[in-house]
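These notes concern the structure reproduced below.
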Amino acid sequence: MKCIKNRQLLRLVAIFITIFAINILAMNVTKTEKETAAFDVMKLQQEENHENQYFIYEQGTDEGIWVNKELIEDNSRVIKSMIEDVHDESNKIPLDFPLDTIKLAFNVLNKKIKDINKLSLKQIISVANLFNYLDVPSDKLLTVLAMIKKNININEDYKPLKELHPDLQKLIMTQPAINYLKNFIIKKYVNNRKKSLDSHPIEVNSIAFNADGTKFVSGGSGREKTLILWDISNPENSIPQIIDVPQGSILSVALSPDGTKIAVGYDSMQNNLIICDISNPNNIINHTLADHPQAVFTVAFSPDSKQLLSGCAGAEDNLILWDISKLDNISHQTIDGCPGTVLSVAFNPHNDKQFASGGVSENNENNLILWNITDLNNVTHHAIEECPSTVFSVAFDSVGKHIVTSCDGDENNLIIWDISTLNAITSQPLIGHQSRVRSAMFNRNNTKIVSGSLDKATNNLILWDISNPNNITHQKLVGHTHSVLSVAFSPDNKYIISGAGTKNNLILWTLLTDQEELLLHQFKDYTADQIRLIYQLCIQASKKQPVVLTQDSDDYHTFTTLPQDMQNLLNALVMTNSEWLSRLWQTFVQRKV
C-alpha cells in the first residue's frame, strides 16, 4: 500500500513539474517575441532617424559614428565628390583612420569640441591629417595647423612634424623658411644694393607708391623739381618725369590706388592743396582745392580712389574729407574733433569708412585718433589716450588690425598699436632710434616696418623684422647723410624708397632681386624633406651655430637633391665658411638681373 502511495506522489510531482516547465517555456517564448518585436521597432526607428546621416566607420571594422549629411556636404569635398561620382545610395562610408581620430575630427567640425587647445599635440596632428584627407574648407584646416604651430617649438624639435602628412608639413614650414631666407638675403646684401636717384635739389619730404609698385611719386622743397613721378619698372634704369605744378615747398604727396591722380600738399597759406589728373600723361591737369587756411602736412586717398583726406596746421578746418569721384565737381566736408595741427592721415585699406589721424595739440591730447565715417552726418572718433607725444606719421597694416606711429622724443618714438578691439587697444614700442622718428610704414605682408628719423647717419633708417612679435629684430640701412623724412615700401615688398635732406636725398633700396624672388617662388615644387632641411639650416644659422653637412648624412643627400641655384644661395647665406660662395652668388644674381 505504501509503495502505491509513493508512486502516486511521484506522478503528481512529475505532472506539476511538466506543467511548470510548459508555463515557463510559454513565458519565454512570449518574452522573446516581444523583444524581437521591440528590436524591429527600434531598428525601424534607427533607419528613420539616420535617413539624413552617413555612417562613417573605421575601414575593416563595423565601428563608426553617424554624421549628418549636411555636415559632410559642407565640410568634405572628398566624400561629397566620392558620393556624386559613384551614385552610391548606401549611407556607409569607410575611412582608413582609427575610430578615435574619426570621432575627434567630426566633433571638431560639428563644434562639440569648441576648444581644441584641450587636445594633446598628438590628437591635433591626427585631426589635421584627417582634415587634409577630407579636404575640409581651408579656414578650418588652417585653424588646426595654427594650433600645431602654437603647441610645438619647430625651432627646436622637428620630430612631431614628421607625423603630419607631407602636404601639411609644407604648409607649416614653407613660409617661415622663405621668410628666413629673405631676412638673410636682406641682411647680407641690402646695403650694397642701394641706388641714389638724381632728383630733388633740396630735401625730399614725402614719397608714395602706386598700386602695382612700378611707379612712385616724390615731393620736395625748392623752386624746381618739387614733384617727380618715377617709373621703376626697370630699377636699373629709373625714369623721372617732372610734373609741372605751382612753385612752393611740397610737404605731402599721395598717389591714388587707381594710378590716375596725385594729391599734393604745400607749405603755404593759399593754394596749398592740388590734385594732378595724370590719367593722360601727355596732358596733366591740375585742380586746386581751397579750404585749408594753413600749410597742408598730409594727404591720403581712400582705397577706392574716390575720396581724399587732407590735414593742415592750426586748430580750424584742419581735417577735410573730399569727394573726388568727379574732378569737375569736387565737394568736401570738414571733420571736427582734432584740437591741433594734423600731421598725418591714413585710410584703413580694408575699410574705407575708417581712418586714423596723427598730430599735435597744445595740451598734448588727442594726438592719435581713429575715425568712423560710416555716417557722414554723425562722424565718430576714438582717441588713443596712451599716445605719449606728437605723432608725425601714422600707417595701417595691410589687414587693418594694427597701426604704426612715428613720434617725437628719444623714447617711445616708434610704436605698433593693436587696434583690433577698440576697447582694449595695446601698444608695443620699437626701440632703436634715439631721436624724433618722422616716418614709418608696414610692408604688404606685415612682416617688416621701415622707419626714418632725425638720428645721425648710421641710425637714421632702420628696417624692422616683426614676423615674430616676441622677437623683433632690426637692421640699419646706411646711406643717407642727413635726417630721413619719408619712407615707403613697394607693394611687392621688393624695394624701399627713402627721402632725406640735401645730399643723397632719394635712395632706392633693393631688398629682393627678380632672380631671388623666382628662386623662392619655386618652394612650391619642393618636397617636405627639402623644405624642412632648408628651415633647419636657417634656424641653425640664426642661432649662429655652425652649419655643416657631412657627406654620408641623410641631410646631405636631401641637400644634393635641391636645384643648384638653391644650393648656391644656401651656401652663400647660411653654410659655415662659405664667403667665396657668397661672392659667387652675388655675381650670379647681378648677371641674371
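Naming works like this for the C-alpha cells: A, B, ... for the chains as they're shown, residue 1 at the start of each chain, ligands 1 onward in shown order.
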- Item | Contact residues around Glu73 of chain A with only C-alpha atoms at 12 Å, ignoring same-chain residues under 6 positions, as a ChimeraX atom specification | /A:52-54,67,79-84,109,134-137
Expected file contents, prior selection, N, CA and C atoms, as a PDB file, in the first residue's frame:
ATOM      1  N   ASN A  52      18.972  60.984 -42.933  1.00  0.00           N
ATOM      2  CA  ASN A  52      19.755  62.143 -43.355  1.00  0.00           C
ATOM      3  C   ASN A  52      21.162  62.117 -42.757  1.00  0.00           C
ATOM      4  N   GLN A  53      21.674  60.912 -42.547  1.00  0.00           N
ATOM      5  CA  GLN A  53      23.003  60.767 -41.956  1.00  0.00           C
ATOM      6  C   GLN A  53      23.843  59.760 -42.751  1.00  0.00           C
ATOM      7  N   TYR A  54      25.146  59.886 -42.569  1.00  0.00           N
ATOM      8  CA  TYR A  54      26.090  58.894 -43.088  1.00  0.00           C
ATOM      9  C   TYR A  54      26.716  58.174 -41.905  1.00  0.00           C
ATOM     10  N   VAL A  67      26.860  60.683 -38.846  1.00  0.00           N
ATOM     11  CA  VAL A  67      27.157  62.105 -39.075  1.00  0.00           C
ATOM     12  C   VAL A  67      26.112  62.674 -40.029  1.00  0.00           C
ATOM     13  N   ILE A  79      34.507  63.377 -49.737  1.00  0.00           N
ATOM     14  CA  ILE A  79      33.360  62.469 -49.590  1.00  0.00           C
ATOM     15  C   ILE A  79      32.220  62.905 -50.503  1.00  0.00           C
ATOM     16  N   LYS A  80      32.001  64.197 -50.606  1.00  0.00           N
ATOM     17  CA  LYS A  80      30.928  64.697 -51.465  1.00  0.00           C
ATOM     18  C   LYS A  80      31.171  64.283 -52.923  1.00  0.00           C
ATOM     19  N   SER A  81      32.410  64.430 -53.387  1.00  0.00           N
ATOM     20  CA  SER A  81      32.733  64.042 -54.765  1.00  0.00           C
ATOM     21  C   SER A  81      32.635  62.536 -54.944  1.00  0.00           C
ATOM     22  N   MET A  82      33.076  61.802 -53.933  1.00  0.00           N
ATOM     23  CA  MET A  82      33.026  60.341 -53.982  1.00  0.00           C
ATOM     24  C   MET A  82      31.579  59.867 -54.172  1.00  0.00           C
ATOM     25  N   ILE A  83      30.660  60.427 -53.420  1.00  0.00           N
ATOM     26  CA  ILE A  83      29.255  60.030 -53.490  1.00  0.00           C
ATOM     27  C   ILE A  83      28.661  60.416 -54.844  1.00  0.00           C
ATOM     28  N   GLU A  84      29.010  61.628 -55.313  1.00  0.00           N
ATOM     29  CA  GLU A  84      28.472  62.089 -56.592  1.00  0.00           C
ATOM     30  C   GLU A  84      28.992  61.247 -57.759  1.00  0.00           C
ATOM     31  N   LEU A 109      34.540  69.435 -36.142  1.00  0.00           N
ATOM     32  CA  LEU A 109      33.768  70.035 -37.234  1.00  0.00           C
ATOM     33  C   LEU A 109      32.372  70.465 -36.792  1.00  0.00           C
ATOM     34  N   LEU A 134      40.059  64.682 -45.889  1.00  0.00           N
ATOM     35  CA  LEU A 134      38.670  65.031 -46.178  1.00  0.00           C
ATOM     36  C   LEU A 134      38.561  66.253 -47.086  1.00  0.00           C
ATOM     37  N   ASP A 135      39.659  67.032 -47.180  1.00  0.00           N
ATOM     38  CA  ASP A 135      39.655  68.282 -47.943  1.00  0.00           C
ATOM     39  C   ASP A 135      38.609  69.239 -47.385  1.00  0.00           C
ATOM     40  N   VAL A 136      38.768  69.546 -46.094  1.00  0.00           N
ATOM     41  CA  VAL A 136      37.843  70.466 -45.438  1.00  0.00           C
ATOM     42  C   VAL A 136      38.142  71.892 -45.899  1.00  0.00           C
ATOM     43  N   PRO A 137      37.232  72.846 -45.683  1.00  0.00           N
ATOM     44  CA  PRO A 137      37.500  74.240 -46.049  1.00  0.00           C
ATOM     45  C   PRO A 137      38.804  74.729 -45.442  1.00  0.00           C
TER      46      PRO A 137
END
- Which residues come within 9 Å of segment 185-188 of chain A, counting only C-alpha atoms, excluding same-chain residues fewer than 6 positions away, as number ranges by chain? A: 475, 510-512, 516, 569, 573
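Closest approach to Ile419 of chain A among A:Gln354, A:Asn75, A:Thr380, A:Gln567 is made by A:Gln354 (distances from only C-alpha atoms).
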- Using only C-alpha atoms, which of A:Lys170, A:Lys215, A:Arg532, A:Lys159 sits nearest Asn234 of chain A?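 Of the candidates, the smallest distance to Asn234 of chain A is held by A:Lys215.
Between Asn205 of chain A and the residues A:Ser249, A:Asn237, A:Asn377, A:Gln294, the shortest atom-to-atom distance, using only C-alpha atoms, involves A:Ser249.
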Write out as a compact mmCIF listing (two decimals) with C-alpha atoms, in the first residue's frame the residues lying within 10 Å of Ala300 of chain A, counting only C-alpha atoms and excluding same-chain residues fewer than 6 positions away.
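Saved the output as selection_25.txt:
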# COMPACT_ATOMS: atom_id res chain seq x y z
CA ALA A 208 54.17 107.35 -52.24
CA SER A 252 52.99 115.78 -48.66
CA VAL A 253 52.13 113.65 -51.68
CA ALA A 254 49.85 110.68 -52.37
CA LEU A 255 49.30 108.56 -55.46
CA SER A 256 45.76 107.21 -55.92
CA ILE A 262 48.42 112.70 -57.42
CA ALA A 263 47.48 114.77 -54.36
CA VAL A 264 49.93 117.48 -53.31
CA GLN A 307 37.86 110.22 -51.60
CA LEU A 308 40.78 112.25 -50.33
CA LEU A 309 41.74 113.13 -46.77
CA SER A 310 43.89 116.15 -46.04
CA GLY A 311 45.21 117.68 -42.82
CA LEU A 321 37.27 114.78 -46.42
CA SER A 344 49.32 112.58 -40.79
CA VAL A 345 46.23 110.74 -42.03
CA ALA A 346 45.75 107.20 -43.34
CA PHE A 347 42.76 105.17 -44.55
CA PHE A 355 40.83 106.28 -40.97
- Which residue out of A:Lys194, A:His402, A:Lys326, A:His474 has the minimum interatomic distance to Phe442 of chain A when only C-alpha atoms are used?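 Result for the nearest residue to Phe442 of chain A: A:His402.
You can rank A:Lys524, A:Lys150, A:Lys195, A:His557 by their closest distance to Ile497 of chain A using only C-alpha atoms, and at the top of that list sits A:Lys195.
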- Query: How many Å separate atom CA of Leu368 of chain A from atom CA of Val391 of chain A?
  - Reply: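 These two atoms are separated by 6.9 Å.
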- Name the residues of segment 143-258 of chain A that fall into helix (DSSP H, G or I) according to DSSP on the backbone, using the chain letters and numbers of this document, as a PyMOL selection string. chain A and resi 143-151+159-163+166-192+235-237
Need the shell around Ile207 of chain A: protein/DNA/RNA residues with any atom at most 12 Å away, counting only C-alpha atoms. Skip same-chain ones fewer than 2 positions apart. Format as a compact mmCIF listing (two decimals) with C-alpha atoms, in the first residue's frame?
# COMPACT_ATOMS: atom_id res chain seq x y z
CA GLU A 203 65.11 117.69 -49.16
CA VAL A 204 62.51 115.07 -50.08
CA ASN A 205 59.57 115.42 -47.69
CA PHE A 209 53.94 104.24 -54.47
CA ASN A 210 51.24 103.30 -56.94
CA LYS A 215 55.84 103.94 -60.11
CA PHE A 216 56.24 106.26 -57.15
CA VAL A 217 55.93 109.99 -56.63
CA SER A 218 58.23 112.19 -54.57
CA GLY A 219 57.67 115.72 -53.30
CA GLY A 220 60.28 118.15 -52.02
CA THR A 226 59.43 119.77 -56.49
CA LEU A 227 57.16 116.98 -57.80
CA ILE A 228 58.56 113.97 -59.67
CA LEU A 229 56.83 110.82 -60.91
CA TRP A 230 59.25 107.90 -61.20
CA ILE A 250 55.76 120.37 -51.07
CA LEU A 251 55.12 118.77 -47.67
CA SER A 252 52.99 115.78 -48.66
CA VAL A 253 52.13 113.65 -51.68
CA ALA A 254 49.85 110.68 -52.37
CA LEU A 255 49.30 108.56 -55.46
CA ILE A 262 48.42 112.70 -57.42
CA ALA A 263 47.48 114.77 -54.36
CA VAL A 264 49.93 117.48 -53.31
CA THR A 298 49.32 115.26 -45.08
CA VAL A 299 47.15 113.75 -47.81
CA ALA A 300 45.74 110.23 -48.33
CA SER A 439 58.06 108.38 -40.99
CA ALA A 440 57.22 104.66 -40.72
CA MET A 441 55.38 102.09 -42.81
CA VAL A 484 65.35 110.71 -43.15
CA LEU A 485 62.00 112.44 -43.62
CA SER A 486 59.96 109.90 -45.61
CA VAL A 487 59.93 106.17 -46.34
CA ALA A 488 57.82 103.79 -48.41
CA PHE A 489 57.69 100.06 -49.21
CA SER A 490 56.86 98.94 -52.73
CA ILE A 496 62.20 100.61 -50.21
CA ILE A 497 62.33 104.27 -51.17
CA SER A 498 63.68 106.73 -48.59
CA GLY A 499 63.77 110.51 -48.78
CA ALA A 500 66.07 112.78 -46.77
CA ASN A 505 68.21 112.71 -50.61
CA LEU A 506 66.46 109.92 -52.51
CA ILE A 507 67.60 106.28 -52.37
CA LEU A 508 66.15 103.11 -53.89
- Message: Here is a test: counting only C-alpha atoms, which residue of A:Ile178, A:Ile462, A:Leu273, A:Leu168 is nearest to Lys448 of chain A?
- Response: A:Ile462
- Item | Backbone DSSP call of strand (DSSP E or B) for segment 426-544 of chain A, listed as a PyMOL selection string | chain A and resi 426-429+437-442+448-453+461-465+473-476+484-489+495-500+506-510
- Query: Contacts of Gln428 of chain A at 10 Å or less, counting only C-alpha atoms, minus same-chain residues fewer than 3 places along, as a list of chain:residue names?
  - Reply: A:Val404, A:Asn412, A:Leu414, A:Ile415, A:Ile416, A:Trp417, A:Asp418, A:Ile431, A:Pro469
- One-decimal distance in Å that lies between atom CA of Pro303 of chain A and atom CA of Pro257 of chain A: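 Here the two named atoms are 6.4 Å from each other.
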- To one decimal in Å, tell me the separation between atom CA of Gly60 of chain A and atom CA of Lys92 of chain A.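 Separation between atom CA of Gly60 of chain A and atom CA of Lys92 of chain A: 12.6 Å.
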- Query: Leaving out Thr576 of chain A and any residue of its chain fewer than 6 positions from it, which residues lie within 12 Å of it when counting only C-alpha atoms, given as a PyMOL selection string?
  - Reply: chain A and resi 537-538+540-541+544-549+570+582
